[in-house]
Amino acid sequence: MTIHSEIAAVTDRIIERSKAKRAAYLDLIRRERESGADRPKLGCANLAHAYAGTDEQRDLMTPANRMNIGIVTSYNDMLSAHATYYRYPEQMKIWALEAGATAQVAGGVPAMCDGVTQGYAGMELSLFSRDTIALSTGIALSHRVFEGVALLGICDKIVPGLLIGALRFGHLPMVMIPGGPMRSGLANKEKAAVRERYAEGKATREELLESEIAAYHSKGTCTFYGTANSNQMMMEAMGLHIPGAAFANPQTKLRQELTRAAVHRLSDIGWAGNDYRPIGHVVDEKAIVNAAIALLATGGSTNHLIHVPAFARAAGIVIDWDDFDRLSRAVPLLTRVYPNGSADVNGFEDAGGPSFVIRELLKGGLMHGDTLTIAKEGMAAYGRKPGVEGDALVWHDHPEKSGDETIVRTVDTPFSPEGGFRILKGNLGRACIKVSAVEPDRWTIEAPARVFSDQSEVQAAFKAGELDRDVVVVVRFQGPKANGMPELHKLTPPLGVLQNRGFRVALVTDGRMSGASGKVPCAIHLSPEALGGGPIGKLRDGDMVRLDAEAGTLEAMVDADEWNAREQATMPARVEGTGRELFAMMRHHADEAELGASAMLAEAGL
C-alpha cells in the first residue's frame with residue numbers, strides 16, 4: 001500500500017530537518033558499538049564486581065560466552081501499574097537461561113503517579129521525573145556489561161524517560177515490557193459523574209472515596225485512555241513491544257507468555273547474532289511518525305505532544321507541533337475510548353485493540369509499514385492479535401470488521417476523518433488542543449477572561465459562584481520554568497460542571513492538562529510561558545479571549561497598541577517544600593514545551 005501523500009510529506013520534512021542531528025547520533029552509536037567498553041574489553045576486577053552479586057549465574061557469564069541482559073525496572077509496590085513488576089526479574093532470569101542468555105537487574109528508576117500527586121505540591125516534580133528516569137537509566141547502563149536491555153515501565157513519564165535514557169545507548173538491542181491494565185472496575189463515566197457531584201457539594205467525601213477505590217482497585221494501569229495507555233499504543237506502533245503486548249491484563253497466562261517471548265526475542269536480536277536490531281536503528285524518523293499517527297488515530301494523551309519531541313531528540317530526530325497538526329488532518333479517528341467515549345482500554349482490547357487499529361492504518365496507507373521493529377516480521381506483526389493455545393503463544397489475523405463499532409472502527413468508517421489534535425496560534429503564542437472528546441459546537445469559544453496563577457484559586461472562585469457565566473479560565477505561571485508544568489486535572493470537574501450548566505467555558509494555560517482531559521476545550525502547553533515574558537502574562541480579568549479550534553487560532557481581543565504597552569504580570573513568590581527546591585536547576589534550564597520541556601536535553605545540546 002502506497003503511503004498517504006501528506007504522511008510522506010511530513011516524514012520527509014522531519015528527515016530533512018533532522019539530517020545533521022540524526023547523522024551525528026548514528027555516528028555516536030556506531031562508535032559506541034565499535035570502540036566503547038563492553039564485557040570482553042573490561043578488566044578482570046571490573047568484571048568480578050559485576051558478577052559478585054549473582055552467584056547462581058556467575059559460571060555462565062563468561063565474556064562472549066552468553067548474552068547478558070540488563071533489566072531496568074520501575075517496580076514499586078505503592079503504585080498499581082508498577083507493582084505488577086515485582087516477580088518479573090526472577091522470572092526473566094529463568095526465561096533468559098531458556099534462551100541461552102543470562103540476566104541481571106541493572107538498576108531501578110523512580111516511578112511517581114500523577115493520580116496520587118494531582119492537585120498537590122508533588123505534581124511540580126512530575127514532569128521532571130522523566131529527566132530523572134532518563135538519568136537513572138543512563139546510570140544503570142553505564143556499567144557496560146550488557147548486550148541487550150529489557151525496559152520495564154508503563155506509565156506517564158516512565159516510558160518516555162526510559163526511552164530517552166535508553167536511546168543514548170542506542171547500539172544495544174532493547175525491548176519495552178509493559179505490565180498491562182487492571183481489570184475494569186467502576187465505569188469511568190460513573191466515576192466522573194461522582195467527581196462532578198462532589199465539586200458541586202452534592203456528594204460526600206466518603207461517597208467520592210468509595211467511587212475512586214471502585215475505579216482504581218487492583219494491580220495494573222488505570223483503565224482510562226490517558227498518558228499511560230497512550231504510551232503502550234505508541235510502543236506497539238514503534239515496534240518496541242512483542243506484538244500485541246500492550247493491554248493483556250496482569251497475572252494472566254497471556255501476559256506471562258508475552259513477557260517470556262520478549263526475553264527470548266531479545267536474545268535473538270543481540271549484537272553477536274545474525275539479527276542484530278539496536279534500538280537506535282529501530283527508533284528512526286518513520287518510527288516517530290508512526291508513534292504520532294497511532295496517538296492521533298486513537299485520540300491519545302496530549303502529554304505526548306511534549307514527550308514525543310523529547311524522546312525523538314534523544315535519537316537525533318526533530319518533530320514539532322506543526323508536524324502533529326498536519327498528521328492529525330490526514331489521519332482518521334478510529335477509536336472511542338474514555339475520555340473520548342464510554343469504553344475503557346479493556347473494552348478497547350476486546351473490540352480489537354491496538355493491533356486492529358494498526359492493521360487498519362497499514363491497510364489504508366496511513367502508517368509506515370517498512371520500518372525495522374523488534375519483531376522479525378516487521379510492522380505487519382503488530383496488526384495481528386496474540387493468544388495462548390495450550391502452552392503456545394500464537395497470533396491470529398483480525399476479522400475484517402470491528403468487534404464493537406462503538407469503540408473501534410475501520411479506516412473506511414472512522415468516527416472522524418481527522419485525528420484528535422489541533423495547534424492554536426495567535427497573539428497569545430502557540431498551544432495545543434485535544435478536540436477528539438470535545439463536541440464540535442464547543443470548538444469555538446469567545447468569552448471574557450478570568451485570570452489565575454494557581455488552580456486552587458480557580459476552585460475557590462468556582463465554589464464562590466464567581467465563574468457562573470461564559471468564561472475563559474486562564475491559569476498562568478504553570479510552565480516548566482515557573483513550577484515544573486504540573487497537570488491541572490483538578491480543574492476538570494468544576495469546568496465540566498460549568499459547561500453542564502449551559503455556560504460557554506474554556507481553559508487557557510501554560511501548564512499541562514491530564515491525558516484524561518475530556519469535554520471542555522482546553523488550550524494547553526501555551527508557549528512561551530508566562531515566566532520569562534510569554535504573552536499570557538499580559539492578560540487581565542475581563543479581556544475578551546477567542547479560542548477557535550476550527551481556524552487554529554488563540555487570540556486576546558485587545559487593541560494592539562494597548563496590548564503592546566502592557567507590562568507582564570509578576571509571578572507570585574514560590575513556596576518550596578515537598579522536595580521542589582531540589583529541582584530548581586531543572587526549572588531554570590528547561591526549554592519550551594514544544595521542544596520537550598527538558599533541562600537535560602537542552603543542556604546536552606540535543
# chains A, B, ... in the order shown; residues from 1 in each chain; ligands from 1
>>> residues_around(residues="stretch 233-250 of chain A", least_positions_apart="2", cutoff="7 Å", atoms="only C-alpha atoms", output="PDB file with N, CA and C atoms, in the first residue's frame")
ATOM      1  N   THR A  84       3.006  -4.593  39.434  1.00  0.00           N
ATOM      2  CA  THR A  84       2.955  -5.821  38.624  1.00  0.00           C
ATOM      3  C   THR A  84       4.341  -6.389  38.351  1.00  0.00           C
ATOM      4  N   VAL A 175      14.032  -4.086  24.404  1.00  0.00           N
ATOM      5  CA  VAL A 175      12.614  -4.399  24.300  1.00  0.00           C
ATOM      6  C   VAL A 175      11.889  -3.698  25.440  1.00  0.00           C
ATOM      7  N   MET A 176      10.781  -3.037  25.138  1.00  0.00           N
ATOM      8  CA  MET A 176       9.914  -2.470  26.172  1.00  0.00           C
ATOM      9  C   MET A 176       8.951  -3.557  26.648  1.00  0.00           C
ATOM     10  N   ILE A 177       8.818  -3.705  27.950  1.00  0.00           N
ATOM     11  CA  ILE A 177       7.953  -4.748  28.509  1.00  0.00           C
ATOM     12  C   ILE A 177       6.903  -4.102  29.411  1.00  0.00           C
ATOM     13  N   PRO A 178       5.643  -4.035  28.963  1.00  0.00           N
ATOM     14  CA  PRO A 178       4.574  -3.453  29.790  1.00  0.00           C
ATOM     15  C   PRO A 178       4.050  -4.467  30.801  1.00  0.00           C
ATOM     16  N   GLY A 179       3.228  -3.979  31.723  1.00  0.00           N
ATOM     17  CA  GLY A 179       2.636  -4.850  32.739  1.00  0.00           C
ATOM     18  C   GLY A 179       1.147  -5.069  32.556  1.00  0.00           C
ATOM     19  N   GLY A 180       0.510  -4.222  31.731  1.00  0.00           N
ATOM     20  CA  GLY A 180      -0.906  -4.404  31.430  1.00  0.00           C
ATOM     21  C   GLY A 180      -1.839  -3.638  32.343  1.00  0.00           C
ATOM     22  N   PRO A 181      -3.090  -3.426  31.901  1.00  0.00           N
ATOM     23  CA  PRO A 181      -4.081  -2.670  32.679  1.00  0.00           C
ATOM     24  C   PRO A 181      -4.809  -3.547  33.689  1.00  0.00           C
ATOM     25  N   MET A 182      -5.207  -2.935  34.804  1.00  0.00           N
ATOM     26  CA  MET A 182      -6.071  -3.647  35.750  1.00  0.00           C
ATOM     27  C   MET A 182      -7.392  -3.990  35.066  1.00  0.00           C
ATOM     28  N   ARG A 183      -8.077  -4.956  35.590  1.00  0.00           N
ATOM     29  CA  ARG A 183      -9.390  -5.289  35.042  1.00  0.00           C
ATOM     30  C   ARG A 183     -10.364  -4.160  35.346  1.00  0.00           C
ATOM     31  N   GLY A 220      -2.095  -3.030  38.082  1.00  0.00           N
ATOM     32  CA  GLY A 220      -2.214  -2.742  36.660  1.00  0.00           C
ATOM     33  C   GLY A 220      -2.401  -1.257  36.444  1.00  0.00           C
ATOM     34  N   ASN A 229      -1.687   4.560  29.025  1.00  0.00           N
ATOM     35  CA  ASN A 229      -2.131   3.627  27.995  1.00  0.00           C
ATOM     36  C   ASN A 229      -1.840   4.141  26.590  1.00  0.00           C
ATOM     37  N   SER A 230      -1.772   5.464  26.418  1.00  0.00           N
ATOM     38  CA  SER A 230      -1.300   6.003  25.142  1.00  0.00           C
ATOM     39  C   SER A 230       0.154   5.598  24.897  1.00  0.00           C
ATOM     40  N   ASN A 231       0.956   5.573  25.965  1.00  0.00           N
ATOM     41  CA  ASN A 231       2.330   5.065  25.850  1.00  0.00           C
ATOM     42  C   ASN A 231       2.353   3.718  25.165  1.00  0.00           C
ATOM     43  N   THR A 252      -2.079 -13.029  34.093  1.00  0.00           N
ATOM     44  CA  THR A 252      -2.758 -13.958  33.188  1.00  0.00           C
ATOM     45  C   THR A 252      -1.692 -14.752  32.443  1.00  0.00           C
ATOM     46  N   LEU A 254      -1.542 -15.190  29.263  1.00  0.00           N
ATOM     47  CA  LEU A 254      -1.129 -14.429  28.088  1.00  0.00           C
ATOM     48  C   LEU A 254      -0.070 -13.403  28.445  1.00  0.00           C
ATOM     49  N   ARG A 255      -0.270 -12.672  29.544  1.00  0.00           N
ATOM     50  CA  ARG A 255       0.731 -11.686  29.954  1.00  0.00           C
ATOM     51  C   ARG A 255       2.069 -12.363  30.220  1.00  0.00           C
ATOM     52  N   LEU A 258       3.741 -13.418  26.900  1.00  0.00           N
ATOM     53  CA  LEU A 258       4.247 -12.270  26.154  1.00  0.00           C
ATOM     54  C   LEU A 258       5.575 -11.784  26.723  1.00  0.00           C
ATOM     55  N   ALA A 262       9.296 -11.859  25.028  1.00  0.00           N
ATOM     56  CA  ALA A 262      10.138 -10.665  24.933  1.00  0.00           C
ATOM     57  C   ALA A 262      11.581 -10.984  25.305  1.00  0.00           C
ATOM     58  N   VAL A 283      14.284   2.945  16.374  1.00  0.00           N
ATOM     59  CA  VAL A 283      13.663   4.264  16.548  1.00  0.00           C
ATOM     60  C   VAL A 283      14.283   5.225  15.546  1.00  0.00           C
ATOM     61  N   ALA A 287       9.568   5.594  12.549  1.00  0.00           N
ATOM     62  CA  ALA A 287       9.006   5.080  13.801  1.00  0.00           C
ATOM     63  C   ALA A 287       8.387   6.206  14.624  1.00  0.00           C
ATOM     64  N   ILE A 288       9.036   7.354  14.646  1.00  0.00           N
ATOM     65  CA  ILE A 288       8.492   8.509  15.367  1.00  0.00           C
ATOM     66  C   ILE A 288       7.180   8.958  14.735  1.00  0.00           C
ATOM     67  N   ASN A 290       5.151   7.046  13.047  1.00  0.00           N
ATOM     68  CA  ASN A 290       4.176   6.003  13.383  1.00  0.00           C
ATOM     69  C   ASN A 290       3.620   6.187  14.790  1.00  0.00           C
ATOM     70  N   ALA A 291       4.481   6.584  15.724  1.00  0.00           N
ATOM     71  CA  ALA A 291       4.018   6.835  17.089  1.00  0.00           C
ATOM     72  C   ALA A 291       3.001   7.968  17.103  1.00  0.00           C
ATOM     73  N   ALA A 294      -0.337   6.781  15.549  1.00  0.00           N
ATOM     74  CA  ALA A 294      -1.102   5.919  16.457  1.00  0.00           C
ATOM     75  C   ALA A 294      -1.760   6.733  17.550  1.00  0.00           C
ATOM     76  N   LEU A 295      -1.057   7.739  18.059  1.00  0.00           N
ATOM     77  CA  LEU A 295      -1.609   8.622  19.085  1.00  0.00           C
ATOM     78  C   LEU A 295      -2.827   9.367  18.552  1.00  0.00           C
ATOM     79  N   GLU A 349      -9.501  -3.349  23.962  1.00  0.00           N
ATOM     80  CA  GLU A 349      -8.770  -4.581  23.620  1.00  0.00           C
ATOM     81  C   GLU A 349      -9.725  -5.662  23.136  1.00  0.00           C
ATOM     82  N   PRO A 354      -5.134  -2.248  19.982  1.00  0.00           N
ATOM     83  CA  PRO A 354      -4.106  -1.603  19.168  1.00  0.00           C
ATOM     84  C   PRO A 354      -3.796  -2.348  17.875  1.00  0.00           C
ATOM     85  N   SER A 355      -3.821  -3.683  17.915  1.00  0.00           N
ATOM     86  CA  SER A 355      -3.467  -4.436  16.712  1.00  0.00           C
ATOM     87  C   SER A 355      -4.492  -4.234  15.602  1.00  0.00           C
ATOM     88  N   THR A 373      11.565  -3.292  13.263  1.00  0.00           N
ATOM     89  CA  THR A 373      10.943  -3.495  14.571  1.00  0.00           C
ATOM     90  C   THR A 373      11.677  -4.613  15.280  1.00  0.00           C
ATOM     91  N   ILE A 374      11.348  -4.825  16.560  1.00  0.00           N
ATOM     92  CA  ILE A 374      11.969  -5.973  17.224  1.00  0.00           C
ATOM     93  C   ILE A 374      11.376  -7.281  16.726  1.00  0.00           C
ATOM     94  N   ALA A 375      10.177  -7.230  16.140  1.00  0.00           N
ATOM     95  CA  ALA A 375       9.541  -8.424  15.585  1.00  0.00           C
ATOM     96  C   ALA A 375      10.173  -8.754  14.231  1.00  0.00           C
ATOM     97  N   MET A 379       6.380  -4.468  10.847  1.00  0.00           N
ATOM     98  CA  MET A 379       5.166  -3.830  11.355  1.00  0.00           C
ATOM     99  C   MET A 379       3.919  -4.674  11.139  1.00  0.00           C
ATOM    100  N   ALA A 381       3.395  -7.588  11.834  1.00  0.00           N
ATOM    101  CA  ALA A 381       3.160  -8.432  13.014  1.00  0.00           C
ATOM    102  C   ALA A 381       2.325  -7.714  14.062  1.00  0.00           C
ATOM    103  N   TYR A 382       2.382  -6.386  14.070  1.00  0.00           N
ATOM    104  CA  TYR A 382       1.661  -5.608  15.076  1.00  0.00           C
ATOM    105  C   TYR A 382       0.190  -5.407  14.705  1.00  0.00           C
ATOM    106  N   LYS A 385      -3.391 -10.309  16.462  1.00  0.00           N
ATOM    107  CA  LYS A 385      -3.763 -10.364  17.882  1.00  0.00           C
ATOM    108  C   LYS A 385      -3.172 -11.616  18.539  1.00  0.00           C
ATOM    109  N   PRO A 386      -2.519 -11.461  19.698  1.00  0.00           N
ATOM    110  CA  PRO A 386      -1.929 -12.617  20.360  1.00  0.00           C
ATOM    111  C   PRO A 386      -2.940 -13.403  21.190  1.00  0.00           C
TER     112      PRO A 386
END
>>> select_by_dssp(residues="stretch 122-312 of chain A", states="helix (DSSP H, G or I)", output="PyMOL selection string")
chain A and resi 122-141+158-167+188-199+205-215+227-237+253-268+279-282+285-297+304-312
>>> closest_residue(among="A:Ala150, A:Thr259, A:His588, A:Pro339", to="A:Ala602", atoms="only C-alpha atoms")
A:His588
>>> atom_distance(atom1="atom CA of A:Pro521", atom2="atom CA of A:Trp443")
6.7 Å
>>> closest_residue(among="A:Leu488, A:Met586, A:Ala447, A:Leu595", to="A:Asp114", atoms="only C-alpha atoms")
A:Leu488
>>> residues_around(residues="A:Val331", least_positions_apart="6", cutoff="9 Å", atoms="only C-alpha atoms", output="ChimeraX atom specification")
/A:7,293-294,296-297,361,366,417-419
>>> write_last_selection(atoms="N, CA and C atoms", output="compact mmCIF listing (two decimals), in the first residue's frame")
# COMPACT_ATOMS: atom_id res chain seq x y z
N ILE A 7 1.32 12.17 4.83
CA ILE A 7 2.19 11.48 5.80
C ILE A 7 3.60 11.38 5.24
N ILE A 293 1.13 9.03 14.64
CA ILE A 293 -0.09 8.59 13.93
C ILE A 293 -0.95 7.73 14.84
N ALA A 294 -0.34 6.78 15.55
CA ALA A 294 -1.10 5.92 16.46
C ALA A 294 -1.76 6.73 17.55
N LEU A 296 -2.71 9.92 17.36
CA LEU A 296 -3.77 10.74 16.78
C LEU A 296 -4.97 9.89 16.37
N ALA A 297 -4.73 8.71 15.84
CA ALA A 297 -5.81 7.85 15.37
C ALA A 297 -6.64 7.30 16.51
N LEU A 361 -4.59 1.01 9.86
CA LEU A 361 -3.73 2.10 9.41
C LEU A 361 -2.78 1.64 8.31
N LEU A 366 -1.74 4.58 5.92
CA LEU A 366 -1.68 5.67 6.89
C LEU A 366 -0.63 5.46 7.96
N PRO A 417 -12.98 12.02 10.15
CA PRO A 417 -11.95 11.93 9.11
C PRO A 417 -10.60 12.46 9.57
N GLU A 418 -10.57 13.13 10.73
CA GLU A 418 -9.33 13.69 11.24
C GLU A 418 -9.05 13.16 12.65
N GLY A 419 -7.78 13.24 13.06
CA GLY A 419 -7.39 12.84 14.41
C GLY A 419 -7.82 13.86 15.45
>>> atom_distance(atom1="atom CA of A:Ile536", atom2="atom CA of A:Gly429")
7.9 Å
>>> closest_residue(among="A:Ala45, A:Val10, A:Val472, A:Ala166", to="A:Phe452", atoms="only C-alpha atoms")
A:Val472
>>> closest_residue(among="A:Met67, A:Leu152, A:Ala460, A:Val308", to="A:His82", atoms="only C-alpha atoms")
A:Leu152
>>> atom_distance(atom1="atom CA of A:Ala214", atom2="atom CA of A:Tyr85")
22.5 Å
>>> closest_residue(among="A:Arg58, A:Arg580, A:Arg540, A:Arg512", to="A:Ile306", atoms="only C-alpha atoms")
A:Arg512
>>> closest_residue(among="A:Thr413, A:Gln459, A:Ser453, A:Ser328", to="A:Gly364", atoms="only C-alpha atoms")
A:Thr413
>>> residues_around(residues="A:Ala584", least_positions_apart="5", cutoff="10 Å", atoms="only C-alpha atoms", output="list in words")
Lys481, Ala482, Asn483, Gly484, Glu576, Gly579, His589 and Ala590 of chain A
>>> residues_around(residues="A:Ala593", least_positions_apart="3", cutoff="12 Å", atoms="only C-alpha atoms", output="ChimeraX atom specification")
/A:127,302-310,320-321,429-432,478-481,484-485,510-512,524-529,590,596-599,602
>>> residues_around(residues="stretch 184-198 of chain A", least_positions_apart="5", cutoff="7 Å", atoms="only C-alpha atoms", output="compact mmCIF listing (two decimals) with C-alpha atoms, in the first residue's frame")
# COMPACT_ATOMS: atom_id res chain seq x y z
CA ALA A 203 -21.69 14.05 47.14
CA THR A 204 -19.80 13.43 50.38
CA LEU A 208 -16.18 10.09 46.45
CA SER A 211 -16.16 5.65 43.94
CA GLU A 212 -12.44 6.19 43.39
CA ALA A 214 -14.04 1.06 43.00
CA ALA A 215 -12.41 2.52 39.88
CA TYR A 216 -8.75 2.04 40.91
CA HIS A 217 -8.98 -1.32 42.60
CA THR A 223 -8.21 1.67 32.63
CA PHE A 224 -8.93 5.06 31.01
CA TYR A 338 -12.71 7.06 27.65
CA SER A 342 -17.58 5.25 27.27
CA ASN A 346 -10.20 -3.47 28.35
CA PRO A 493 -14.76 18.58 37.40
CA PRO A 494 -15.56 22.28 38.06
CA VAL A 497 -19.98 21.44 35.87
>>> residues_around(residues="stretch 561-570 of chain A", least_positions_apart="5", cutoff="8 Å", atoms="only C-alpha atoms", output="PyMOL selection string")
chain A and resi 533+535+537-538
>>> write_last_selection(atoms="N, CA and C atoms", output="PDB file, in the first residue's frame")
ATOM      1  N   GLY A 533       8.266  36.170  30.029  1.00  0.00           N
ATOM      2  CA  GLY A 533       7.738  37.122  29.064  1.00  0.00           C
ATOM      3  C   GLY A 533       6.692  36.614  28.103  1.00  0.00           C
ATOM      4  N   PRO A 535       3.171  36.004  26.326  1.00  0.00           N
ATOM      5  CA  PRO A 535       2.034  36.937  26.245  1.00  0.00           C
ATOM      6  C   PRO A 535       0.901  36.619  27.204  1.00  0.00           C
ATOM      7  N   GLY A 537       1.103  36.415  30.131  1.00  0.00           N
ATOM      8  CA  GLY A 537       1.355  37.285  31.276  1.00  0.00           C
ATOM      9  C   GLY A 537       0.750  38.667  31.134  1.00  0.00           C
ATOM     10  N   LYS A 538       0.268  39.013  29.926  1.00  0.00           N
ATOM     11  CA  LYS A 538      -0.361  40.328  29.710  1.00  0.00           C
ATOM     12  C   LYS A 538      -1.869  40.307  29.908  1.00  0.00           C
TER      13      LYS A 538
END
>>> select_by_dssp(residues="stretch 308-493 of chain A", states="strand (DSSP E or B)", output="ChimeraX atom specification")
/A:333,335,337,343,385-389,392-396,408,416,421-426,429-434,444-452,471-475,487
>>> decode(residues="stretch 527-542 of chain A", atoms="N, CA and C atoms", output="short mmCIF file (atom, residue, chain, number, x, y, z; two decimals), in the first residue's frame")
data_model
loop_
_atom_site.label_atom_id
_atom_site.label_comp_id
_atom_site.auth_asym_id
_atom_site.auth_seq_id
_atom_site.Cartn_x
_atom_site.Cartn_y
_atom_site.Cartn_z
N SER A 527 2.93 28.34 24.82
CA SER A 527 4.33 28.74 24.77
C SER A 527 4.46 30.02 23.94
N PRO A 528 5.34 30.96 24.33
CA PRO A 528 6.18 30.88 25.53
C PRO A 528 5.36 31.05 26.81
N GLU A 529 5.87 30.49 27.90
CA GLU A 529 5.16 30.52 29.18
C GLU A 529 5.23 31.92 29.81
N ALA A 530 4.40 32.11 30.82
CA ALA A 530 4.30 33.43 31.45
C ALA A 530 5.62 33.89 32.04
N LEU A 531 6.33 32.98 32.76
CA LEU A 531 7.61 33.35 33.34
C LEU A 531 8.63 33.52 32.23
N GLY A 532 9.18 34.70 32.13
CA GLY A 532 10.13 34.98 31.06
C GLY A 532 9.56 35.79 29.93
N GLY A 533 8.27 36.17 30.03
CA GLY A 533 7.74 37.12 29.06
C GLY A 533 6.69 36.61 28.10
N GLY A 534 6.13 35.42 28.32
CA GLY A 534 5.08 34.94 27.45
C GLY A 534 3.86 35.84 27.47
N PRO A 535 3.17 36.00 26.33
CA PRO A 535 2.03 36.94 26.24
C PRO A 535 0.90 36.62 27.20
N ILE A 536 0.78 35.38 27.67
CA ILE A 536 -0.27 35.06 28.63
C ILE A 536 -0.12 35.92 29.88
N GLY A 537 1.10 36.42 30.13
CA GLY A 537 1.35 37.28 31.28
C GLY A 537 0.75 38.67 31.13
N LYS A 538 0.27 39.01 29.93
CA LYS A 538 -0.36 40.33 29.71
C LYS A 538 -1.87 40.31 29.91
N LEU A 539 -2.46 39.13 29.98
CA LEU A 539 -3.91 39.05 30.09
C LEU A 539 -4.40 39.63 31.42
N ARG A 540 -5.56 40.27 31.37
CA ARG A 540 -6.20 40.83 32.56
C ARG A 540 -7.64 40.33 32.63
N ASP A 541 -8.19 40.31 33.83
CA ASP A 541 -9.60 39.94 34.00
C ASP A 541 -10.48 40.79 33.09
N GLY A 542 -11.39 40.16 32.39
CA GLY A 542 -12.32 40.88 31.53
C GLY A 542 -11.90 40.98 30.09
#
